[in-house]
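J.: Pasting in a structure now, in structure tokens, and then I'll have a few things to ask.
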Amino acid sequence: MHSLERAITPGYLLRFTIPTMVMLIFNSFYTMVDGAFVSNFVGTGALSATNIVYPALNLVFAVGIMLATGGSAIVGRQLGEGKGQQARENFSLVVSAGTVLGFVIAVLGVVFASPLVRMLGANDAIYSYCYDYLIYMSVFSPCAVLQMLFQYLFVTAGRPNLGLVSTVAGGVANIVLDYVFIVPMQMGIKGAALATGVGFTIPAVTGLIYFSIARKESLHFTKPVFRGKILVEACTNGSSEMVTNLAIAVTTFLFNVEMMRWLGEDGVAAITIVFYADFLFVAMFLGYTSGVAPLFSYNYGAGNHERLQRLFRLSLLFIGIGSVAAYAASMLFSGPVVALFADGQSSVYSIALHGMRLYALSFLLKGVNIFSSGLFTALSNGKVSAFLSFLRTFGFLVLCIFLLPKLWGVNGIWLAIPVAEILSLAVSGWCLFRFRSVYHYA
């Protein structure tokens, strides 16, 4: 029996999704460790630089997650339909396409690094930090794309634990190398970028090796058959997740501009700290949604409505509990978390702590919105998924970033995301109700 065919129980669902949740949380955790080392051993100016460059790096993640979510939905559905060979060919095609795109992005990032960092808002004080960080990170773009692909495809292959182990190994290497490169070797922000690149490389190489030798498994590399329609479907179906990442790039840029205008570099450093905490909680919701998506895809392909409905009910229960826990944790531990990045007597600390307590309201709402978009991706309805992602991460958010600071000043910047999540929740709820009889998940 394929692991995706087992009975849907709370215990099975947690065992199936926890590896992906832990994997993405760990990814976010070692991103936070990067920031802590940079802030404490290089300076808050360098920390601001990582956030200035982040929109450009998000293009890499956008490409990776687009192919990963869209491709895994296709492969999972075809496995559920009993089309094993076709699933393997399309799996190999998606990985090949991701590798090529990764190399293209790497070349563009290196060649156009200087104008890019200027365009993103780097001033003279932090230009060199931004330039060095972007150059080093760009080189590892192919590995970043492959890491993202394999995070999802390990789950589709029924091997979420292998994805977890490889990601944890990459994260541990990143943390250790952060210390080695930044502290004793004094490489500064270049060391942080290099350590992160090695962290990407370990799960990428693990995936390449595993899927090359696992010939007896349901999913492994075979000679890819070029099917333009499949690539278009994967890109279209994964477009919501791509939209999310591209929108994050744009909105991060807008947040940086607003914070630079109101509070200068200290404001940018403060919002970077809050975003690090946000990565951690969003990773939990994304991890659950990514982990459960192959189950939705497989059972949708198999036409098993009863299992779809049980998956849907349990998912809403788990996300509701997780949302309350995330809000409570962010309120209880906001002080210690901010203190990891900024001295308790600094202006960066006070700005970030105040902002965290306003921003935390969004954690009550993010889970359902992320799950709603991911659900429609898993059901191969990329249009609805992209629509929900666009409104949540761009449409409503950009509107709030422009309007709320005019009403409430800096508090308006911090409240932009909570208000955008409230508006998105109304649309997500309507879509879940509207399509329940189409896909039979409720």
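So you can find residues: chains in the structure tokens are A, B, ... in the order shown, residues in each start at 1, and ligands are numbered from 1 in order.
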Using only C-alpha atoms, which protein or nucleic acid residues come within 10 Å of stretch 129-134 of chain A? Drop anything in the same chain fewer than 2 positions from it, and give the result as a ChimeraX atom specification.
T.: /A:42,45-54,56-57,109-110,112-118,120-127,136-139,188-194
J.: Kindly export the residues of the current selection with C-alpha atoms, as a short mmCIF file (atom, residue, chain, number, x, y, z; two decimals), in the first residue's frame.
T.:
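Final file, out_5.cif:
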```cif
data_model
loop_
_atom_site.label_atom_id
_atom_site.label_comp_id
_atom_site.auth_asym_id
_atom_site.auth_seq_id
_atom_site.Cartn_x
_atom_site.Cartn_y
_atom_site.Cartn_z
CA VAL A 42 28.72 42.53 11.97
CA GLY A 45 23.47 47.98 9.36
CA ALA A 46 24.39 44.61 7.89
CA LEU A 47 21.12 43.20 9.25
CA SER A 48 19.26 45.95 7.40
CA ALA A 49 21.19 44.99 4.25
CA THR A 50 19.89 41.40 4.35
CA ASN A 51 16.34 42.75 4.31
CA ILE A 52 17.10 45.25 1.53
CA VAL A 53 18.41 42.38 -0.65
CA TYR A 54 15.65 39.95 0.34
CA ALA A 56 15.77 39.96 -5.11
CA LEU A 57 16.45 36.63 -3.41
CA GLY A 109 22.08 38.01 -10.13
CA VAL A 110 25.86 38.22 -10.46
CA PHE A 112 23.31 42.89 -12.43
CA ALA A 113 24.10 42.93 -8.70
CA SER A 114 25.12 46.59 -8.50
CA PRO A 115 22.08 48.19 -10.17
CA LEU A 116 19.80 45.75 -8.35
CA VAL A 117 20.89 46.75 -4.87
CA ARG A 118 20.63 50.44 -5.76
CA LEU A 120 16.14 48.07 -3.93
CA GLY A 121 16.99 51.14 -1.87
CA ALA A 122 20.52 50.57 -0.58
CA ASN A 123 22.14 53.81 0.55
CA ASP A 124 25.89 54.47 0.65
CA ALA A 125 26.17 53.33 4.27
CA ILE A 126 25.02 49.76 3.55
CA TYR A 127 25.71 49.44 -0.21
CA TYR A 136 27.31 35.29 -2.83
CA MET A 137 23.63 34.28 -2.53
CA SER A 138 23.11 34.43 -6.30
CA VAL A 139 25.79 31.81 -6.90
CA GLY A 188 31.33 39.37 7.74
CA ILE A 189 28.17 39.30 5.66
CA LYS A 190 29.95 37.26 2.97
CA GLY A 191 30.33 34.49 5.52
CA ALA A 192 26.62 34.57 6.35
CA ALA A 193 25.73 34.22 2.66
CA LEU A 194 28.25 31.43 2.12
#
```
J.: Between stretch 257-360 of chain A and stretch 244-248 of chain A, at 12 Å or less, what are the per-residue closest atom pairs and their distances in Å? Count only C-alpha atoms, order by chain and rising residue number, and return it as JSON lines.
T.:
```
{"residue": "A:Phe275", "atom": "CA", "partner": "A:Ile248", "partner_atom": "CA", "distance": 10.9}
{"residue": "A:Phe279", "atom": "CA", "partner": "A:Ile248", "partner_atom": "CA", "distance": 11.5}
{"residue": "A:Leu286", "atom": "CA", "partner": "A:Thr244", "partner_atom": "CA", "distance": 11.6}
```
J.: Excluding A:Met32 and residues on its chain fewer than 6 positions from it, collect all residues at most 10 Å away from it, counting only C-alpha atoms, and give them as JSON, numbers by chain.
T.: {"A": [26, 38, 175, 272, 273, 275, 276, 277, 279, 280, 337, 340, 341]}
J.: Report the distance between atom CA of A:Gln85 and atom CA of A:Met148 in Å, rounded to one decimal place.
T.: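 About the pair atom CA of A:Gln85 and atom CA of A:Met148: they are 23.1 Å apart.
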J.: Do you know which residues are at most 8 Å from stretch 7-23 of chain A counting only C-alpha atoms, after dropping those on the same chain fewer than 4 positions away, and could you put them as a list in words?
T.: Asn27, Gln151, Val155, Pro160, Asn161, Gly163, Leu164, Thr167, Val168, Ala283, Met284, Phe285, Leu286, Gly287, Tyr288, Ser290, Gly291, Val292, Arg307, Arg310, Leu311 and Leu314 of chain A
J.: Counting only C-alpha atoms, what is within 8 Å of stretch 358-365 of chain A, bar same-chain residues fewer than 6 positions away, as a PyMOL selection string?
T.: chain A and resi 281+323-324+326-327+330-331+411+414-415+417-419+421-422+425
J.: Give me, as a VMD selection string, all polymer residues having an atom no more than 9 Å from A:Ser239, counting only C-alpha atoms and skipping those fewer than 4 positions away in the same chain.
T.: chain A and resid 62 65 to 67 69 to 70 234 to 235 243 to 244 377 382 to 383 385 to 386 389
J.: Any idea what's packed within 12 Å of A:Leu423, counting only C-alpha atoms, ignoring anything in its chain fewer than 2 positions away? Could you give it as a PyMOL selection string?
T.: chain A and resi 362+365-366+369+388+391-397+399-400+416-421+425-430
J.: I'd like to know which of A:Ile319, A:Val410, A:Cys143, A:Leu295 is closest to A:Leu208, using only C-alpha atoms.
T.: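 Nearest to A:Leu208: A:Cys143.
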J.: For a test of reading the model, state the distance in Å between atom CA of A:Leu153 and atom CA of A:Ile105, rounded to one decimal.
T.: 21.8 Å
J.: Pick the closest to A:Val172 from A:Ser141, A:Ala442, A:Gly303, A:Asp34: which is it, counting only C-alpha atoms?
T.: A:Asp34
J.: Between atom CA of A:Gly374 and atom CA of A:Asn90, what distance in Å does the model show, to one decimal?
T.: 20.7 Å
J.: Between A:Ala195, A:Val104, A:Ala97, A:Ser72, which one has atoms that come closest to A:Tyr152, using only C-alpha atoms?
T.: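 Closest residue, counting only C-alpha atoms: A:Ser72.
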